[in-house]
Every structure is written in structure tokens, then in C-alpha cells.
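Have a look at structure.cif below; it lists mmCIF, N, CA, C and O atoms.
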data_structure
#
loop_
_atom_site.group_PDB
_atom_site.id
_atom_site.type_symbol
_atom_site.label_atom_id
_atom_site.label_comp_id
_atom_site.auth_asym_id
_atom_site.auth_seq_id
_atom_site.Cartn_x
_atom_site.Cartn_y
_atom_site.Cartn_z
ATOM 1 N N MET A 1 0.827 -1.193 0.000
ATOM 2 C CA MET A 1 0.000 0.000 0.000
ATOM 3 C C MET A 1 0.872 1.258 0.000
ATOM 4 O O MET A 1 0.559 2.228 -0.673
ATOM 5 N N LYS A 2 1.986 1.203 0.766
ATOM 6 C CA LYS A 2 2.878 2.358 0.814
ATOM 7 C C LYS A 2 3.529 2.603 -0.538
ATOM 8 O O LYS A 2 3.732 3.746 -0.919
ATOM 9 N N ASP A 3 3.845 1.517 -1.249
ATOM 10 C CA ASP A 3 4.445 1.659 -2.578
ATOM 11 C C ASP A 3 3.472 2.339 -3.538
ATOM 12 O O ASP A 3 3.861 3.184 -4.335
ATOM 13 N N LYS A 4 2.215 1.959 -3.451
ATOM 14 C CA LYS A 4 1.206 2.548 -4.324
ATOM 15 C C LYS A 4 1.024 4.033 -4.012
ATOM 16 O O LYS A 4 0.918 4.857 -4.909
ATOM 17 N N LEU A 5 1.012 4.360 -2.737
ATOM 18 C CA LEU A 5 0.875 5.751 -2.327
ATOM 19 C C LEU A 5 2.079 6.576 -2.783
ATOM 20 O O LEU A 5 1.920 7.692 -3.290
ATOM 21 N N ALA A 6 3.266 6.019 -2.639
ATOM 22 C CA ALA A 6 4.482 6.712 -3.087
ATOM 23 C C ALA A 6 4.445 6.927 -4.595
ATOM 24 O O ALA A 6 4.814 7.993 -5.097
ATOM 25 N N PHE A 7 3.989 5.910 -5.316
ATOM 26 C CA PHE A 7 3.865 6.027 -6.768
ATOM 27 C C PHE A 7 2.893 7.142 -7.145
ATOM 28 O O PHE A 7 3.184 7.966 -8.018
ATOM 29 N N LEU A 8 1.745 7.162 -6.488
ATOM 30 C CA LEU A 8 0.755 8.195 -6.786
ATOM 31 C C LEU A 8 1.269 9.593 -6.454
ATOM 32 O O LEU A 8 1.010 10.548 -7.191
ATOM 33 N N GLU A 9 2.013 9.713 -5.370
ATOM 34 C CA GLU A 9 2.595 11.008 -5.021
ATOM 35 C C GLU A 9 3.624 11.449 -6.058
ATOM 36 O O GLU A 9 3.677 12.620 -6.428
ATOM 37 N N ASP A 10 4.421 10.508 -6.536
ATOM 38 C CA ASP A 10 5.403 10.824 -7.580
ATOM 39 C C ASP A 10 4.713 11.251 -8.873
ATOM 40 O O ASP A 10 5.126 12.206 -9.528
ATOM 41 N N GLU A 11 3.661 10.521 -9.233
ATOM 42 C CA GLU A 11 2.919 10.859 -10.451
ATOM 43 C C GLU A 11 2.262 12.235 -10.327
ATOM 44 O O GLU A 11 2.237 13.013 -11.276
ATOM 45 N N ARG A 12 1.729 12.525 -9.167
ATOM 46 C CA ARG A 12 1.107 13.829 -8.934
ATOM 47 C C ARG A 12 2.131 14.947 -9.103
ATOM 48 O O ARG A 12 1.857 15.972 -9.725
ATOM 49 N N ALA A 13 3.319 14.750 -8.552
ATOM 50 C CA ALA A 13 4.384 15.750 -8.676
ATOM 51 C C ALA A 13 4.778 15.929 -10.136
ATOM 52 O O ALA A 13 4.989 17.058 -10.602
ATOM 53 N N THR A 14 4.859 14.833 -10.878
ATOM 54 C CA THR A 14 5.213 14.893 -12.298
ATOM 55 C C THR A 14 4.158 15.666 -13.082
ATOM 56 O O THR A 14 4.486 16.517 -13.914
ATOM 57 N N VAL A 15 2.898 15.377 -12.819
ATOM 58 C CA VAL A 15 1.802 16.062 -13.515
ATOM 59 C C VAL A 15 1.781 17.541 -13.153
ATOM 60 O O VAL A 15 1.579 18.397 -14.016
ATOM 61 N N LYS A 16 2.032 17.845 -11.906
ATOM 62 C CA LYS A 16 2.047 19.243 -11.451
ATOM 63 C C LYS A 16 3.142 20.023 -12.175
ATOM 64 O O LYS A 16 2.924 21.160 -12.622
ATOM 65 N N ILE A 17 4.305 19.418 -12.334
ATOM 66 C CA ILE A 17 5.404 20.064 -13.057
ATOM 67 C C ILE A 17 5.028 20.264 -14.522
ATOM 68 O O ILE A 17 5.246 21.339 -15.092
ATOM 69 N N ALA A 18 4.452 19.239 -15.139
ATOM 70 C CA ALA A 18 4.059 19.337 -16.553
ATOM 71 C C ALA A 18 3.006 20.420 -16.761
ATOM 72 O O ALA A 18 3.082 21.195 -17.720
ATOM 73 N N LEU A 19 2.022 20.488 -15.867
ATOM 74 C CA LEU A 19 0.989 21.521 -15.987
ATOM 75 C C LEU A 19 1.569 22.918 -15.787
ATOM 76 O O LEU A 19 1.182 23.863 -16.476
ATOM 77 N N GLY A 20 2.505 23.039 -14.872
ATOM 78 C CA GLY A 20 3.171 24.326 -14.668
ATOM 79 C C GLY A 20 3.934 24.757 -15.905
ATOM 80 O O GLY A 20 3.924 25.930 -16.281
ATOM 81 N N GLN A 21 4.583 23.795 -16.558
ATOM 82 C CA GLN A 21 5.321 24.101 -17.786
ATOM 83 C C GLN A 21 4.373 24.519 -18.905
ATOM 84 O O GLN A 21 4.647 25.467 -19.637
ATOM 85 N N LEU A 22 3.251 23.829 -19.028
ATOM 86 C CA LEU A 22 2.267 24.200 -20.046
ATOM 87 C C LEU A 22 1.735 25.615 -19.811
ATOM 88 O O LEU A 22 1.579 26.393 -20.760
ATOM 89 N N LYS A 23 1.474 25.934 -18.566
ATOM 90 C CA LYS A 23 0.981 27.269 -18.229
ATOM 91 C C LYS A 23 2.032 28.333 -18.554
ATOM 92 O O LYS A 23 1.712 29.386 -19.125
ATOM 93 N N ALA A 24 3.287 28.054 -18.233
ATOM 94 C CA ALA A 24 4.367 28.985 -18.546
ATOM 95 C C ALA A 24 4.535 29.143 -20.057
ATOM 96 O O ALA A 24 4.750 30.251 -20.557
ATOM 97 N N ASP A 25 4.416 28.024 -20.783
ATOM 98 C CA ASP A 25 4.499 28.080 -22.251
ATOM 99 C C ASP A 25 3.386 28.945 -22.822
ATOM 100 O O ASP A 25 3.602 29.751 -23.722
ATOM 101 N N GLN A 26 2.182 28.766 -22.296
ATOM 102 C CA GLN A 26 1.044 29.530 -22.790
ATOM 103 C C GLN A 26 1.233 31.025 -22.527
ATOM 104 O O GLN A 26 0.974 31.854 -23.403
ATOM 105 N N LYS A 27 1.716 31.370 -21.351
ATOM 106 C CA LYS A 27 1.958 32.778 -21.032
ATOM 107 C C LYS A 27 3.016 33.372 -21.962
ATOM 108 O O LYS A 27 2.862 34.481 -22.473
ATOM 109 N N ALA A 28 4.101 32.625 -22.182
ATOM 110 C CA ALA A 28 5.171 33.108 -23.056
ATOM 111 C C ALA A 28 4.676 33.269 -24.484
ATOM 112 O O ALA A 28 4.991 34.261 -25.161
ATOM 113 N N LEU A 29 3.898 32.321 -24.945
ATOM 114 C CA LEU A 29 3.385 32.388 -26.307
ATOM 115 C C LEU A 29 2.401 33.541 -26.471
ATOM 116 O O LEU A 29 2.467 34.279 -27.461
ATOM 117 N N ASN A 30 1.528 33.724 -25.511
ATOM 118 C CA ASN A 30 0.589 34.841 -25.567
ATOM 119 C C ASN A 30 1.326 36.174 -25.555
ATOM 120 O O ASN A 30 0.970 37.099 -26.291
ATOM 121 N N ARG A 31 2.367 36.271 -24.743
ATOM 122 C CA ARG A 31 3.162 37.484 -24.688
ATOM 123 C C ARG A 31 3.838 37.754 -26.050
ATOM 124 O O ARG A 31 3.835 38.868 -26.539
ATOM 125 N N ALA A 32 4.359 36.708 -26.647
ATOM 126 C CA ALA A 32 5.017 36.855 -27.946
ATOM 127 C C ALA A 32 4.025 37.255 -29.031
ATOM 128 O O ALA A 32 4.314 38.104 -29.871
ATOM 129 N N VAL A 33 2.848 36.658 -29.006
ATOM 130 C CA VAL A 33 1.836 36.951 -30.023
ATOM 131 C C VAL A 33 1.331 38.384 -29.886
ATOM 132 O O VAL A 33 1.141 39.088 -30.886
ATOM 133 N N ASN A 34 1.137 38.828 -28.675
ATOM 134 C CA ASN A 34 0.557 40.150 -28.456
ATOM 135 C C ASN A 34 1.555 41.292 -28.582
ATOM 136 O O ASN A 34 1.161 42.424 -28.821
ATOM 137 N N ASN A 35 2.830 41.011 -28.410
ATOM 138 C CA ASN A 35 3.817 42.088 -28.394
ATOM 139 C C ASN A 35 4.691 42.164 -29.639
ATOM 140 O O ASN A 35 5.472 43.099 -29.767
ATOM 141 N N ARG A 36 4.571 41.199 -30.522
ATOM 142 C CA ARG A 36 5.474 41.180 -31.671
ATOM 143 C C ARG A 36 4.706 40.888 -32.943
ATOM 144 O O ARG A 36 3.686 40.215 -32.943
ATOM 145 N N SER A 37 5.258 41.352 -34.051
ATOM 146 C CA SER A 37 4.628 41.125 -35.344
ATOM 147 C C SER A 37 5.037 39.768 -35.910
ATOM 148 O O SER A 37 6.000 39.147 -35.460
ATOM 149 N N VAL A 38 4.322 39.339 -36.923
ATOM 150 C CA VAL A 38 4.649 38.092 -37.615
ATOM 151 C C VAL A 38 6.020 38.206 -38.266
ATOM 152 O O VAL A 38 6.800 37.248 -38.258
ATOM 153 N N GLU A 39 6.318 39.372 -38.787
ATOM 154 C CA GLU A 39 7.625 39.575 -39.421
ATOM 155 C C GLU A 39 8.754 39.371 -38.416
ATOM 156 O O GLU A 39 9.783 38.786 -38.737
ATOM 157 N N PHE A 40 8.554 39.861 -37.196
ATOM 158 C CA PHE A 40 9.561 39.659 -36.162
ATOM 159 C C PHE A 40 9.750 38.177 -35.884
ATOM 160 O O PHE A 40 10.880 37.704 -35.740
ATOM 161 N N ALA A 41 8.661 37.441 -35.799
ATOM 162 C CA ALA A 41 8.752 35.998 -35.542
ATOM 163 C C ALA A 41 9.547 35.302 -36.632
ATOM 164 O O ALA A 41 10.395 34.449 -36.352
ATOM 165 N N HIS A 42 9.281 35.666 -37.884
ATOM 166 C CA HIS A 42 10.026 35.060 -38.999
ATOM 167 C C HIS A 42 11.505 35.424 -38.930
ATOM 168 O O HIS A 42 12.375 34.563 -39.132
ATOM 169 N N ALA A 43 11.786 36.667 -38.643
ATOM 170 C CA ALA A 43 13.181 37.105 -38.540
ATOM 171 C C ALA A 43 13.878 36.415 -37.362
ATOM 172 O O ALA A 43 15.047 36.016 -37.473
ATOM 173 N N PHE A 44 13.161 36.240 -36.278
ATOM 174 C CA PHE A 44 13.735 35.584 -35.105
ATOM 175 C C PHE A 44 14.089 34.135 -35.419
ATOM 176 O O PHE A 44 15.179 33.657 -35.067
ATOM 177 N N VAL A 45 13.201 33.442 -36.097
ATOM 178 C CA VAL A 45 13.469 32.047 -36.455
ATOM 179 C C VAL A 45 14.663 31.963 -37.395
ATOM 180 O O VAL A 45 15.541 31.107 -37.229
ATOM 181 N N ALA A 46 14.724 32.848 -38.368
ATOM 182 C CA ALA A 46 15.855 32.848 -39.302
ATOM 183 C C ALA A 46 17.162 33.127 -38.561
ATOM 184 O O ALA A 46 18.178 32.468 -38.816
ATOM 185 N N ALA A 47 17.148 34.088 -37.650
ATOM 186 C CA ALA A 47 18.356 34.409 -36.883
ATOM 187 C C ALA A 47 18.756 33.238 -35.992
ATOM 188 O O ALA A 47 19.947 32.913 -35.881
ATOM 189 N N ALA A 48 17.784 32.592 -35.383
ATOM 190 C CA ALA A 48 18.077 31.439 -34.528
ATOM 191 C C ALA A 48 18.664 30.300 -35.353
ATOM 192 O O ALA A 48 19.631 29.651 -34.938
ATOM 193 N N GLU A 49 18.109 30.078 -36.515
ATOM 194 C CA GLU A 49 18.598 28.999 -37.382
ATOM 195 C C GLU A 49 20.036 29.242 -37.816
ATOM 196 O O GLU A 49 20.847 28.331 -37.869
ATOM 197 N N ARG A 50 20.361 30.483 -38.071
ATOM 198 C CA ARG A 50 21.722 30.806 -38.518
ATOM 199 C C ARG A 50 22.694 30.932 -37.358
ATOM 200 O O ARG A 50 23.879 30.653 -37.515
ATOM 201 N N GLY A 51 22.227 31.356 -36.192
ATOM 202 C CA GLY A 51 23.133 31.664 -35.095
ATOM 203 C C GLY A 51 23.315 30.575 -34.059
ATOM 204 O O GLY A 51 24.286 30.603 -33.308
ATOM 205 N N LEU A 52 22.404 29.631 -34.011
ATOM 206 C CA LEU A 52 22.485 28.588 -32.993
ATOM 207 C C LEU A 52 23.049 27.304 -33.588
ATOM 208 O O LEU A 52 22.865 27.033 -34.771
ATOM 209 N N PRO A 53 23.689 26.504 -32.756
ATOM 210 C CA PRO A 53 24.118 25.186 -33.229
ATOM 211 C C PRO A 53 22.892 24.374 -33.671
ATOM 212 O O PRO A 53 21.793 24.549 -33.142
ATOM 213 N N ALA A 54 23.097 23.500 -34.628
ATOM 214 C CA ALA A 54 21.985 22.719 -35.195
ATOM 215 C C ALA A 54 21.212 21.957 -34.130
ATOM 216 O O ALA A 54 19.980 21.890 -34.171
ATOM 217 N N GLU A 55 21.904 21.405 -33.151
ATOM 218 C CA GLU A 55 21.241 20.630 -32.107
ATOM 219 C C GLU A 55 20.322 21.515 -31.260
ATOM 220 O O GLU A 55 19.186 21.136 -30.955
ATOM 221 N N VAL A 56 20.776 22.697 -30.913
ATOM 222 C CA VAL A 56 19.972 23.618 -30.106
ATOM 223 C C VAL A 56 18.758 24.086 -30.910
ATOM 224 O O VAL A 56 17.636 24.131 -30.392
ATOM 225 N N PHE A 57 18.971 24.418 -32.176
ATOM 226 C CA PHE A 57 17.855 24.857 -33.015
ATOM 227 C C PHE A 57 16.822 23.740 -33.158
ATOM 228 O O PHE A 57 15.615 23.985 -33.090
ATOM 229 N N SER A 58 17.288 22.513 -33.313
ATOM 230 C CA SER A 58 16.380 21.368 -33.418
ATOM 231 C C SER A 58 15.559 21.212 -32.145
ATOM 232 O O SER A 58 14.355 20.936 -32.199
ATOM 233 N N GLN A 59 16.192 21.402 -30.993
ATOM 234 C CA GLN A 59 15.466 21.321 -29.729
ATOM 235 C C GLN A 59 14.396 22.415 -29.637
ATOM 236 O O GLN A 59 13.290 22.174 -29.146
ATOM 237 N N LEU A 60 14.728 23.607 -30.116
ATOM 238 C CA LEU A 60 13.750 24.699 -30.117
ATOM 239 C C LEU A 60 12.572 24.385 -31.037
ATOM 240 O O LEU A 60 11.420 24.656 -30.699
ATOM 241 N N GLU A 61 12.870 23.821 -32.193
ATOM 242 C CA GLU A 61 11.796 23.433 -33.121
ATOM 243 C C GLU A 61 10.886 22.385 -32.487
ATOM 244 O O GLU A 61 9.657 22.475 -32.604
ATOM 245 N N GLN A 62 11.471 21.417 -31.814
ATOM 246 C CA GLN A 62 10.680 20.374 -31.159
ATOM 247 C C GLN A 62 9.816 20.967 -30.046
ATOM 248 O O GLN A 62 8.650 20.592 -29.893
ATOM 249 N N ARG A 63 10.382 21.907 -29.302
ATOM 250 C CA ARG A 63 9.624 22.556 -28.222
ATOM 251 C C ARG A 63 8.453 23.355 -28.798
ATOM 252 O O ARG A 63 7.341 23.329 -28.270
ATOM 253 N N ALA A 64 8.700 24.060 -29.897
ATOM 254 C CA ALA A 64 7.635 24.828 -30.545
ATOM 255 C C ALA A 64 6.532 23.906 -31.047
ATOM 256 O O ALA A 64 5.339 24.204 -30.879
ATOM 257 N N ALA A 65 6.909 22.785 -31.638
ATOM 258 C CA ALA A 65 5.914 21.824 -32.119
ATOM 259 C C ALA A 65 5.086 21.286 -30.957
ATOM 260 O O ALA A 65 3.858 21.150 -31.072
ATOM 261 N N LEU A 66 5.739 21.019 -29.848
ATOM 262 C CA LEU A 66 5.025 20.531 -28.665
ATOM 263 C C LEU A 66 4.038 21.579 -28.155
ATOM 264 O O LEU A 66 2.900 21.262 -27.798
ATOM 265 N N MET A 67 4.458 22.838 -28.157
ATOM 266 C CA MET A 67 3.564 23.914 -27.716
ATOM 267 C C MET A 67 2.343 23.996 -28.620
ATOM 268 O O MET A 67 1.224 24.199 -28.142
ATOM 269 N N LEU A 68 2.531 23.824 -29.910
ATOM 270 C CA LEU A 68 1.409 23.853 -30.837
ATOM 271 C C LEU A 68 0.492 22.649 -30.645
ATOM 272 O O LEU A 68 -0.731 22.774 -30.677
ATOM 273 N N GLU A 69 1.073 21.484 -30.435
ATOM 274 C CA GLU A 69 0.295 20.251 -30.247
ATOM 275 C C GLU A 69 -0.545 20.286 -28.975
ATOM 276 O O GLU A 69 -1.645 19.765 -28.949
ATOM 277 N N THR A 70 -0.009 20.887 -27.928
ATOM 278 C CA THR A 70 -0.710 20.868 -26.644
ATOM 279 C C THR A 70 -1.736 21.981 -26.526
ATOM 280 O O THR A 70 -2.360 22.138 -25.487
ATOM 281 N N GLY A 71 -1.875 22.755 -27.575
ATOM 282 C CA GLY A 71 -2.893 23.801 -27.557
ATOM 283 C C GLY A 71 -2.499 25.024 -26.783
ATOM 284 O O GLY A 71 -3.364 25.756 -26.298
ATOM 285 N N SER A 72 -1.219 25.267 -26.629
ATOM 286 C CA SER A 72 -0.766 26.439 -25.890
ATOM 287 C C SER A 72 -0.852 27.707 -26.712
ATOM 288 O O SER A 72 -0.494 28.763 -26.248
ATOM 289 N N VAL A 73 -1.337 27.600 -27.924
ATOM 290 C CA VAL A 73 -1.426 28.767 -28.797
ATOM 291 C C VAL A 73 -2.778 29.418 -28.622
ATOM 292 O O VAL A 73 -3.802 28.765 -28.616
ATOM 293 N N GLY A 74 -2.752 30.749 -28.500
ATOM 294 C CA GLY A 74 -3.971 31.544 -28.445
ATOM 295 C C GLY A 74 -4.828 31.156 -27.321
ATOM 296 O O GLY A 74 -5.943 31.129 -27.180
#
Show the structure stored in the file as C-alpha cells.
Amino acid sequence: MKDKLAFLEDERATVKIALGQLKADQKALNRAVNNRSVEFAHAFVAAAERGLPAEVFSQLEQRAALMLETGSVG
């Protein structure tokens, strides 16, 4: 019974962290949408692609895709 309770507590902590991250993503995305133009977003992506190592840029692309998939947009 203690193992099950410990498992549930761990899962709760994991979900709480994930929900906090989603909320932070949504706030950041809303801030970006409301404060910047589409042209800025395109220029930012181009600058990131040229200025960041390929691995870091790939991680950013994956994070952006995740934000779109989870409905953090708008």
C-alpha cells in the first residue's frame, strides 16, 4: 500500500510540473503573439537557425511543435 501511495505522489508531482510548464508556455506564447509582429517571428526564427548550433535549433523546433500540439497557442 505504501508503494502505491508513493507512486501516486510521484505521479502527482510529475503532472504538477508538466501543468506548470504548459501554463508557462502559454503565457510566453501569448506574450510573444501580443507584443510582436509576424515579421519579427520570422526574422527571429531565421536568426536562430543561422546563429544557434543545429542541435539547439532542433530542440527549439521540437519545443515549438510541442507547444502547438498541446494547444498552448492563443
Identify, on the basis of only C-alpha atoms, every residue whose closest approach to region 56-59 of chain A does not exceed 12 Å; exclude the query and any residue fewer than 6 positions from it along the same chain; express the result as an NGL selection string.
:A and (44-50 or 65-66)
Have a look at CA of Leu22 (chain A) and CA of Glu61 (chain A) and let me know their distance in Å, one decimal.
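The value is 16.2 Å.
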Work out where the centre of an axis-aligned box around every listed atom of region 13-28 of chain A lies and how long its edges are once 4 Å is added on each side; give both in Å to one decimal as AutoDock Vina command-line options.
--center_x 3.2 --center_y 24.6 --center_z -16.9 --size_x 12.4 --size_y 27.7 --size_z 24.6
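Pairwise distance (atom C of Asn35 (chain A), atom N of Leu19 (chain A)) equals 25.8 Å.
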In Å, with one decimal, what is the gap from atom C of Ala32 (chain A) to atom N of Glu69 (chain A)?
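Computing the Euclidean distance for atom C of Ala32 (chain A) and atom N of Glu69 (chain A) yields 16.1 Å.
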Could you add the missing atoms to region 21-32 of chain A, up to all heavy atoms, and return them as a tab-separated table (two decimals), in the frame of the given file?
chain	number	residue	atom	x	y	z
A	21	GLN	N	4.58	23.80	-16.56
A	21	GLN	CA	5.32	24.10	-17.79
A	21	GLN	C	4.37	24.52	-18.90
A	21	GLN	O	4.65	25.47	-19.64
A	21	GLN	CB	6.16	22.90	-18.22
A	21	GLN	CG	7.07	23.19	-19.39
A	21	GLN	CD	8.10	24.26	-19.07
A	21	GLN	OE1	8.82	24.15	-18.10
A	21	GLN	NE2	8.15	25.30	-19.86
A	22	LEU	N	3.25	23.83	-19.03
A	22	LEU	CA	2.27	24.20	-20.05
A	22	LEU	C	1.74	25.62	-19.81
A	22	LEU	O	1.58	26.39	-20.76
A	22	LEU	CB	1.10	23.21	-20.06
A	22	LEU	CG	1.37	21.85	-20.67
A	22	LEU	CD1	0.18	20.92	-20.46
A	22	LEU	CD2	1.69	21.98	-22.15
A	23	LYS	N	1.47	25.93	-18.57
A	23	LYS	CA	0.98	27.27	-18.23
A	23	LYS	C	2.03	28.33	-18.55
A	23	LYS	O	1.71	29.39	-19.12
A	23	LYS	CB	0.60	27.34	-16.76
A	23	LYS	CG	-0.08	28.63	-16.37
A	23	LYS	CD	-0.55	28.58	-14.92
A	23	LYS	CE	-1.25	29.87	-14.55
A	23	LYS	NZ	-1.75	29.83	-13.18
A	24	ALA	N	3.29	28.05	-18.23
A	24	ALA	CA	4.37	28.98	-18.55
A	24	ALA	C	4.54	29.14	-20.06
A	24	ALA	O	4.75	30.25	-20.56
A	24	ALA	CB	5.67	28.51	-17.91
A	25	ASP	N	4.42	28.02	-20.78
A	25	ASP	CA	4.50	28.08	-22.25
A	25	ASP	C	3.39	28.94	-22.82
A	25	ASP	O	3.60	29.75	-23.72
A	25	ASP	CB	4.41	26.68	-22.85
A	25	ASP	CG	5.65	25.83	-22.64
A	25	ASP	OD1	6.68	26.39	-22.19
A	25	ASP	OD2	5.57	24.62	-22.90
A	26	GLN	N	2.18	28.77	-22.30
A	26	GLN	CA	1.04	29.53	-22.79
A	26	GLN	C	1.23	31.02	-22.53
A	26	GLN	O	0.97	31.85	-23.40
A	26	GLN	CB	-0.25	29.04	-22.15
A	26	GLN	CG	-1.48	29.71	-22.73
A	26	GLN	CD	-2.76	29.11	-22.20
A	26	GLN	OE1	-2.76	28.43	-21.17
A	26	GLN	NE2	-3.85	29.34	-22.88
A	27	LYS	N	1.72	31.37	-21.35
A	27	LYS	CA	1.96	32.78	-21.03
A	27	LYS	C	3.02	33.37	-21.96
A	27	LYS	O	2.86	34.48	-22.47
A	27	LYS	CB	2.39	32.92	-19.58
A	27	LYS	CG	1.27	32.76	-18.58
A	27	LYS	CD	1.77	32.81	-17.15
A	27	LYS	CE	2.09	34.23	-16.76
A	27	LYS	NZ	2.45	34.33	-15.33
A	28	ALA	N	4.10	32.62	-22.18
A	28	ALA	CA	5.17	33.11	-23.06
A	28	ALA	C	4.68	33.27	-24.48
A	28	ALA	O	4.99	34.26	-25.16
A	28	ALA	CB	6.36	32.15	-23.01
A	29	LEU	N	3.90	32.32	-24.94
A	29	LEU	CA	3.38	32.39	-26.31
A	29	LEU	C	2.40	33.54	-26.47
A	29	LEU	O	2.47	34.28	-27.46
A	29	LEU	CB	2.72	31.06	-26.66
A	29	LEU	CG	2.40	30.84	-28.13
A	29	LEU	CD1	3.64	31.00	-28.99
A	29	LEU	CD2	1.81	29.46	-28.32
A	30	ASN	N	1.53	33.72	-25.51
A	30	ASN	CA	0.59	34.84	-25.57
A	30	ASN	C	1.33	36.17	-25.56
A	30	ASN	O	0.97	37.10	-26.29
A	30	ASN	CB	-0.41	34.78	-24.41
A	30	ASN	CG	-1.43	33.70	-24.60
A	30	ASN	OD1	-1.69	33.24	-25.70
A	30	ASN	ND2	-2.02	33.25	-23.51
A	31	ARG	N	2.37	36.27	-24.74
A	31	ARG	CA	3.16	37.48	-24.69
A	31	ARG	C	3.84	37.75	-26.05
A	31	ARG	O	3.84	38.87	-26.54
A	31	ARG	CB	4.20	37.37	-23.57
A	31	ARG	CG	4.89	38.63	-23.20
A	31	ARG	CD	5.76	38.50	-21.95
A	31	ARG	NE	6.58	37.30	-21.92
A	31	ARG	CZ	6.42	36.28	-21.07
A	31	ARG	NH1	5.45	36.30	-20.18
A	31	ARG	NH2	7.21	35.24	-21.10
A	32	ALA	N	4.36	36.71	-26.65
A	32	ALA	CA	5.02	36.85	-27.95
A	32	ALA	C	4.03	37.26	-29.03
A	32	ALA	O	4.31	38.10	-29.87
A	32	ALA	CB	5.72	35.56	-28.33
